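Asks: Mind having a look at this structure? Questions to follow.
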Amino acid sequence: MQDSSRLGRLYDLMVEPEDSRVCRDIPDSACHEVPGNFFRQLLATTLTNLGDTLTSPKTTLTWLLASVGAPLALVAWLVPIRESGSMLPQLLIAAWVRTRPRRAGIWVAGSLLQALAILLMGLAAWLTRGALAGALIVACLVLFSLARGFCSVASKDVIGKTIPKTRRGRLNGMASSLSGWLVLGVGASWLLWPPDDDNRLFLLGLLFGAALLWLVAALLYQGIDEAPGATEGGANAINTAVASLGLLRTDAPFRRFVLVRALLLCSALSAPYYVLLGQTANNGLGMLGAFLLANGLASSLSGGFWGRQADASSRQVMIRAALLASLLGPLVIALDASQWLSPRLQDWLFPCAFFVLGIAHSGVRVARKTYVLDMAGGSKRTDYVAVGNSLIGLILLATGLFGLLTPLIGAAGMLLLLSGIGLTGAILAISLPEVQSP
C-alpha cells in the first residue's frame, strides 16, 4: 500500500497537475489503478523502443548479414519486413484479439516472441554462415515482425482501457523522450568508441542485450491491472477483417485520417536522404555518430512536449509537425546549394536538419497515435488500429518503388518530392475533426 501511495504521488507530480485526478473514457473500476498501469506501460514501451534501436535494420541487422557473408540481396528486404510485416496481418490479428476480454497477456506473449526471435538471430549468426545464415536471420525477422503486430494491436486497446483520455498522449510522449535519452547514450558511445563493422561479437552482444530488454518489458507489462473488455466481432477472422475494411467506405473521418497518416509517412521516409546527403558532405564515421546523437536528442527533448500538446489537440500537432518536416527539406536544399555556410558549418548542416526532422517525426508519431486512440472506443478502437496499420503496411511496401526515382532525381530531388507529399498531408489534416474536445 505504501509503494502504491508513493507511485500515486509520483503520478500526480508528473502527469496530474490538477487538484483531482482525471478519469475519462475508462471504466470506473480502473481509476484507482491508473498510476501503476501508467508507469508499467511507460517503462515497458521505453525498453522496447530502445530494443528497436539496438536491432535497427538500417544498422545492426545490415552489418550482421554482411558479417556472416549473406547475399547482399537480402539486405533490401530488412526494412520492408521489419515495418510492413507487423502491419499487414493486423486485420486478421485484430479479429482474434477481440475474442480475448483481457489483452495485456497478448502483448506479453508478443514481447516474449520478439525476444526469442532476436535470440535466434544471434544463434543463427553464431552457428551458420553465408546464404543459410542470411535466410535464417530473415526468417527470424518475419517472426519478430508478426509478434510486433500482436503487440501493436493489443497495446492500443490496453492503453484505451487503463489510461484516461487526455493522458494517453503524455504516456506516448514520455516513452518517446525516455527512449530518446537512452538512444542518445547509445549514439554518444558509438561516436566515442566506434565498433569494428566486422566484429560479430559486438553485434551479437547488441542482439542479446536487446532480447533482454523485451524480456524485462514483458515482466513489467504482466503486472498491468486490466478490466475485461468487449469481445464481440471475433467469431470469424476473415469475415471480420473484410467487414472492418468497410470502415473506409462508411466512416469518413477515419478514411480521411488514414489518408493523412499515409501522406505523413514523409517524416520517416525522408530521413535516409538527409543521411545520404550528409555522407556526401562528410564520409567519416563521425558523421554517423552525429546522426545518432541528433536522433536521440530530438526524441528526448520533444516527446514530452508533443505529448502534452496532443492531449489538447492531436489534430493541431499533426498539422504543425507535418509543416515542420515538409518545409525543412526545401530550406536545407537551398542552404546546401547556396554555399553561404562555411565548410565547418556545412558539415553540420545535415545532422542539424536531422535533429529538426526528428522533432517533427516525433510529433507526427505521438499525434497520430493519440488521435486514433481518442477517436473511437471499445472494440472499434481495435478495428481502427488494425485497418489503419494494415493499409499503411501496404503503402510502405509500395514506397519501395520510390527508390527507382533516386538515380533520376538524386537524394535532393527525393527530399523535395517527399516534402511536397508531407505538405499535402498537413493541408489535408486541417479538415480532420477534433477528437479531444470536451
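In the C-alpha cells, each chain is lettered A, B, ... as it comes, each chain's residues begin at 1, and ligands are numbered from 1 in order of appearance.
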Mind running region 97-155 of chain A against region 206-213 of chain A at 12 Å and telling me each contacting residue's nearest atom pair with the distance in Å (one decimal), counting only C-alpha atoms, chain and number ascending, as CSV?
Replies:
residue,atom,partner,partner_atom,distance
A:Ser111,CA,A:Ala211,CA,9.3
A:Leu112,CA,A:Ala211,CA,8.6
A:Leu113,CA,A:Ala211,CA,9.6
A:Gln114,CA,A:Ala211,CA,7.4
A:Ala115,CA,A:Ala211,CA,4.3
A:Leu116,CA,A:Ala211,CA,7.1
A:Ala117,CA,A:Ala211,CA,8.3
A:Ile118,CA,A:Ala211,CA,5.8
A:Leu119,CA,A:Phe208,CA,6.1
A:Leu120,CA,A:Leu207,CA,9.4
A:Met121,CA,A:Leu207,CA,7.8
A:Gly122,CA,A:Leu207,CA,6.3
A:Leu123,CA,A:Phe208,CA,9.7
A:Ala124,CA,A:Leu207,CA,11.6
A:Ala125,CA,A:Leu207,CA,10.4
A:Trp126,CA,A:Leu207,CA,11.5
A:Ile137,CA,A:Leu207,CA,11.7
A:Phe144,CA,A:Ala211,CA,11.0
Asks: Skip region 330-333 of chain A itself and residues of its chain fewer than 5 positions away, then list as a list in words all residues within 9 Å of it, counting only C-alpha atoms.
Replies: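 In the requested form, the answer reads Ser338, Leu349, Phe350, Ala353, Ala412, Leu415, Leu416 and Ser419 of chain A.
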Asks: Which residues are near Ser326 (chain A)? Cut-off 12 Å, only C-alpha atoms, ignore same chain within fewer than 4 positions. Put them as a PyMOL selection string.
Replies: chain A and resi 263-271+318-322+330-332+353+356-357+360-361+364+415-427
Asks: Just the selected residues (C-alpha atoms), exported as an mmCIF file, in the first residue's frame, please.
Replies:
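Writing done, so here's out18.cif:
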data_model
loop_
_atom_site.group_PDB
_atom_site.id
_atom_site.type_symbol
_atom_site.label_atom_id
_atom_site.label_comp_id
_atom_site.auth_asym_id
_atom_site.auth_seq_id
_atom_site.Cartn_x
_atom_site.Cartn_y
_atom_site.Cartn_z
ATOM 1 C CA LEU A 263 0.881 11.275 -46.549
ATOM 2 C CA LEU A 264 2.690 11.997 -43.291
ATOM 3 C CA LEU A 265 4.920 8.977 -43.820
ATOM 4 C CA CYS A 266 7.186 11.569 -45.426
ATOM 5 C CA SER A 267 8.646 12.388 -41.997
ATOM 6 C CA ALA A 268 10.014 8.841 -41.772
ATOM 7 C CA LEU A 269 10.778 8.195 -45.443
ATOM 8 C CA SER A 270 12.807 11.380 -45.890
ATOM 9 C CA ALA A 271 15.281 10.565 -43.086
ATOM 10 C CA MET A 318 -0.203 16.627 -36.751
ATOM 11 C CA ILE A 319 -0.537 19.832 -38.745
ATOM 12 C CA ARG A 320 2.354 21.625 -37.027
ATOM 13 C CA ALA A 321 4.734 18.652 -37.083
ATOM 14 C CA ALA A 322 3.946 17.894 -40.732
ATOM 15 C CA PRO A 330 13.441 22.830 -49.282
ATOM 16 C CA LEU A 331 15.192 25.065 -46.735
ATOM 17 C CA VAL A 332 18.083 22.625 -46.266
ATOM 18 C CA ALA A 353 18.496 19.185 -40.099
ATOM 19 C CA VAL A 356 14.826 19.100 -36.541
ATOM 20 C CA LEU A 357 13.337 16.292 -38.644
ATOM 21 C CA ALA A 360 8.888 16.765 -36.390
ATOM 22 C CA HIS A 361 8.695 12.981 -36.765
ATOM 23 C CA VAL A 364 3.717 13.114 -36.097
ATOM 24 C CA LEU A 415 13.784 15.009 -50.401
ATOM 25 C CA LEU A 416 11.865 17.740 -52.249
ATOM 26 C CA LEU A 417 9.320 15.202 -53.549
ATOM 27 C CA LEU A 418 8.660 13.819 -50.053
ATOM 28 C CA SER A 419 8.416 17.363 -48.680
ATOM 29 C CA GLY A 420 5.663 18.102 -51.188
ATOM 30 C CA ILE A 421 3.789 14.949 -50.151
ATOM 31 C CA GLY A 422 4.076 15.917 -46.498
ATOM 32 C CA LEU A 423 2.822 19.426 -47.200
ATOM 33 C CA THR A 424 -0.247 17.902 -48.865
ATOM 34 C CA GLY A 425 -0.833 15.817 -45.741
ATOM 35 C CA ALA A 426 -0.559 18.871 -43.482
ATOM 36 C CA ILE A 427 -3.124 20.750 -45.556
#
Asks: Could you list, as a PDB file with C-alpha atoms, in the first residue's frame, every residue within 7 Å of region 171-188 of chain A, counting only C-alpha atoms and ignoring same-chain residues fewer than 6 positions away?
Replies:
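Result went into part37.pdb, see below:
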ATOM      1  CA  LEU A  42       5.775   3.734 -19.735  1.00  0.00           C
ATOM      2  CA  THR A  45       7.394   0.926 -24.025  1.00  0.00           C
ATOM      3  CA  THR A  46      10.671   2.703 -23.286  1.00  0.00           C
ATOM      4  CA  ASN A  49      11.822   1.357 -28.111  1.00  0.00           C
ATOM      5  CA  LEU A  50      15.462   1.030 -27.079  1.00  0.00           C
ATOM      6  CA  GLY A 289      27.672   9.288 -34.714  1.00  0.00           C
ATOM      7  CA  LEU A 292      22.680   9.041 -33.984  1.00  0.00           C
ATOM      8  CA  LEU A 293      23.155  11.813 -31.450  1.00  0.00           C
ATOM      9  CA  GLY A 296      18.351  10.621 -29.720  1.00  0.00           C
ATOM     10  CA  LEU A 297      18.417  14.265 -28.707  1.00  0.00           C
ATOM     11  CA  SER A 299      13.285  12.287 -29.313  1.00  0.00           C
ATOM     12  CA  SER A 300      14.328  13.026 -25.749  1.00  0.00           C
ATOM     13  CA  LEU A 301      13.632  16.754 -25.961  1.00  0.00           C
ATOM     14  CA  SER A 302      10.415  16.736 -27.970  1.00  0.00           C
ATOM     15  CA  GLY A 303       8.425  13.682 -26.851  1.00  0.00           C
ATOM     16  CA  GLY A 304       7.018  15.125 -23.633  1.00  0.00           C
ATOM     17  CA  TRP A 306       4.351  16.861 -28.159  1.00  0.00           C
ATOM     18  CA  GLY A 307       2.529  14.524 -25.758  1.00  0.00           C
ATOM     19  CA  VAL A 366       2.699  10.944 -30.946  1.00  0.00           C
TER      20      VAL A 366
END
Asks: Write down as a ChimeraX atom specification the residues of region 150-342 of chain A whose backbone DSSP state falls under alpha helix (DSSP H).
Replies: /A:150-162,168-192,200-222,237-245,247-250,252-263,266-269,271-281,285-338
Asks: Since we have the selection now, will you write its residues out, keeping C-alpha atoms, as a compact mmCIF listing (two decimals), in the first residue's frame?
Replies:
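Generated output (selection-v3.txt):
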# COMPACT_ATOMS: atom_id res chain seq x y z
CA PHE A 150 0.21 -8.55 -31.94
CA CYS A 151 1.81 -6.05 -29.56
CA SER A 152 0.70 -3.08 -31.66
CA VAL A 153 -2.97 -4.11 -31.71
CA ALA A 154 -3.05 -5.15 -28.05
CA SER A 155 -1.20 -2.11 -26.68
CA LYS A 156 -3.59 0.43 -28.18
CA ASP A 157 -6.54 -1.35 -26.61
CA VAL A 158 -4.83 -1.77 -23.23
CA ILE A 159 -3.95 1.93 -23.14
CA GLY A 160 -7.53 2.78 -24.07
CA LYS A 161 -8.86 0.75 -21.13
CA THR A 162 -6.29 1.67 -18.48
CA ARG A 168 -2.57 8.97 -23.36
CA GLY A 169 -0.54 11.46 -25.34
CA ARG A 170 1.62 12.08 -22.26
CA LEU A 171 2.29 8.36 -21.95
CA ASN A 172 3.41 8.13 -25.57
CA GLY A 173 5.39 11.37 -25.30
CA MET A 174 7.22 10.40 -22.10
CA ALA A 175 8.11 6.98 -23.52
CA SER A 176 9.46 8.68 -26.63
CA SER A 177 11.53 11.09 -24.52
CA LEU A 178 12.97 8.42 -22.21
CA SER A 179 13.89 6.11 -25.07
CA GLY A 180 15.35 9.12 -26.86
CA TRP A 181 17.71 9.81 -23.97
CA LEU A 182 18.79 6.17 -23.99
CA VAL A 183 19.33 6.31 -27.75
CA LEU A 184 21.35 9.46 -27.15
CA GLY A 185 23.62 7.47 -24.85
CA VAL A 186 24.00 4.74 -27.46
CA GLY A 187 24.84 7.35 -30.10
CA ALA A 188 27.42 9.04 -27.89
CA SER A 189 29.08 5.71 -27.10
CA TRP A 190 29.10 4.81 -30.78
CA LEU A 191 30.73 8.13 -31.60
CA LEU A 192 33.37 7.87 -28.86
CA ARG A 200 30.45 -10.21 -34.93
CA LEU A 201 30.82 -10.48 -31.18
CA PHE A 202 29.90 -6.80 -30.78
CA LEU A 203 26.80 -7.23 -32.96
CA LEU A 204 25.77 -10.41 -31.15
CA GLY A 205 26.13 -8.56 -27.85
CA LEU A 206 23.71 -5.92 -29.13
CA LEU A 207 21.21 -8.62 -30.11
CA PHE A 208 21.37 -10.44 -26.78
CA GLY A 209 21.12 -7.14 -24.90
CA ALA A 210 18.05 -6.16 -26.92
CA ALA A 211 16.41 -9.54 -26.26
CA LEU A 212 16.88 -8.94 -22.53
CA LEU A 213 15.06 -5.60 -22.87
CA TRP A 214 11.99 -7.32 -24.33
CA LEU A 215 12.06 -9.92 -21.56
CA VAL A 216 12.10 -7.24 -18.84
CA ALA A 217 9.35 -5.32 -20.66
CA ALA A 218 7.17 -8.46 -20.68
CA LEU A 219 7.63 -8.86 -16.91
CA LEU A 220 6.59 -5.24 -16.34
CA TYR A 221 3.57 -5.48 -18.62
CA GLN A 222 2.40 -8.66 -16.91
CA ALA A 237 -11.23 -13.67 -38.54
CA ILE A 238 -11.53 -13.40 -42.34
CA ASN A 239 -15.17 -12.26 -42.33
CA THR A 240 -14.44 -9.77 -39.57
CA ALA A 241 -11.40 -8.46 -41.43
CA VAL A 242 -13.45 -7.90 -44.58
CA ALA A 243 -16.17 -6.20 -42.56
CA SER A 244 -13.56 -4.00 -40.85
CA LEU A 245 -12.35 -2.77 -44.24
CA LEU A 247 -14.92 1.32 -42.27
CA LEU A 248 -13.06 3.02 -45.10
CA ARG A 249 -16.33 3.29 -47.01
CA THR A 250 -18.72 4.14 -44.17
CA ALA A 252 -15.49 9.37 -43.47
CA PRO A 253 -13.42 10.81 -40.57
CA PHE A 254 -11.46 7.57 -40.25
CA ARG A 255 -10.93 7.38 -44.02
CA ARG A 256 -9.54 10.90 -44.03
CA PHE A 257 -7.29 10.13 -41.05
CA VAL A 258 -5.81 7.10 -42.85
CA LEU A 259 -5.11 9.24 -45.92
CA VAL A 260 -3.45 11.92 -43.79
CA ARG A 261 -1.38 9.31 -41.97
CA ALA A 262 -0.21 7.86 -45.29
CA LEU A 263 0.88 11.28 -46.55
CA CYS A 266 7.19 11.57 -45.43
CA SER A 267 8.65 12.39 -42.00
CA ALA A 268 10.01 8.84 -41.77
CA LEU A 269 10.78 8.19 -45.44
CA ALA A 271 15.28 10.56 -43.09
CA PRO A 272 17.61 8.34 -45.19
CA TYR A 273 18.05 11.12 -47.75
CA TYR A 274 19.38 13.51 -45.11
CA VAL A 275 21.87 10.79 -44.20
CA LEU A 276 22.84 10.26 -47.84
CA LEU A 277 23.40 13.98 -48.34
CA GLY A 278 25.38 14.12 -45.10
CA GLN A 279 27.59 11.26 -46.25
CA THR A 280 28.29 13.13 -49.47
CA ALA A 281 29.40 16.15 -47.46
CA LEU A 285 32.30 7.64 -39.26
CA GLY A 286 31.91 10.68 -37.02
CA MET A 287 29.05 11.77 -39.27
CA LEU A 288 27.18 8.55 -38.40
CA GLY A 289 27.67 9.29 -34.71
CA ALA A 290 26.40 12.82 -35.26
CA PHE A 291 23.20 11.50 -36.85
CA LEU A 292 22.68 9.04 -33.98
CA LEU A 293 23.16 11.81 -31.45
CA ALA A 294 20.76 14.09 -33.35
CA ASN A 295 18.09 11.39 -33.43
CA GLY A 296 18.35 10.62 -29.72
CA LEU A 297 18.42 14.27 -28.71
CA ALA A 298 15.38 15.09 -30.83
CA SER A 299 13.29 12.29 -29.31
CA SER A 300 14.33 13.03 -25.75
CA LEU A 301 13.63 16.75 -25.96
CA SER A 302 10.42 16.74 -27.97
CA GLY A 303 8.43 13.68 -26.85
CA GLY A 304 7.02 15.12 -23.63
CA PHE A 305 6.21 18.47 -25.25
CA TRP A 306 4.35 16.86 -28.16
CA GLY A 307 2.53 14.52 -25.76
CA ARG A 308 1.01 17.36 -23.75
CA GLN A 309 0.12 19.24 -26.92
CA ALA A 310 -1.51 16.11 -28.38
CA ASP A 311 -3.70 15.70 -25.31
CA ALA A 312 -5.05 19.19 -26.03
CA SER A 313 -5.38 18.69 -29.82
CA SER A 314 -3.65 15.83 -31.64
CA ARG A 315 -5.02 17.26 -34.90
CA GLN A 316 -3.12 20.52 -34.38
CA VAL A 317 0.06 18.62 -33.51
CA MET A 318 -0.20 16.63 -36.75
CA ILE A 319 -0.54 19.83 -38.75
CA ARG A 320 2.35 21.62 -37.03
CA ALA A 321 4.73 18.65 -37.08
CA ALA A 322 3.95 17.89 -40.73
CA LEU A 323 4.56 21.51 -41.72
CA LEU A 324 7.89 21.47 -39.88
CA ALA A 325 9.01 18.29 -41.65
CA SER A 326 7.79 19.47 -45.06
CA LEU A 327 9.27 22.97 -45.03
CA LEU A 328 12.59 21.73 -43.66
CA GLY A 329 13.56 19.87 -46.86
CA PRO A 330 13.44 22.83 -49.28
CA LEU A 331 15.19 25.06 -46.74
CA VAL A 332 18.08 22.62 -46.27
CA ILE A 333 18.45 22.03 -50.01
CA ALA A 334 18.56 25.79 -50.61
CA LEU A 335 21.21 26.31 -47.91
CA ASP A 336 23.30 23.45 -49.28
CA ALA A 337 23.14 24.77 -52.84
CA SER A 338 23.82 28.39 -51.88
Asks: Identify which of the residues A:Arg102, A:Arg82, A:Arg344, A:Arg381 lies closest to Ala147 (chain A), counting only C-alpha atoms when measuring atom-to-atom distances.
Replies: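 Among the listed residues, A:Arg82 lies closest to Ala147 (chain A).
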Asks: Could you tell me which of A:Ala109, A:Leu54, A:Val372, A:Leu428 comes closest to Ala386 (chain A) if we count only C-alpha atoms?
Replies: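 Answer, going by the shortest atom-to-atom distance: A:Val372.
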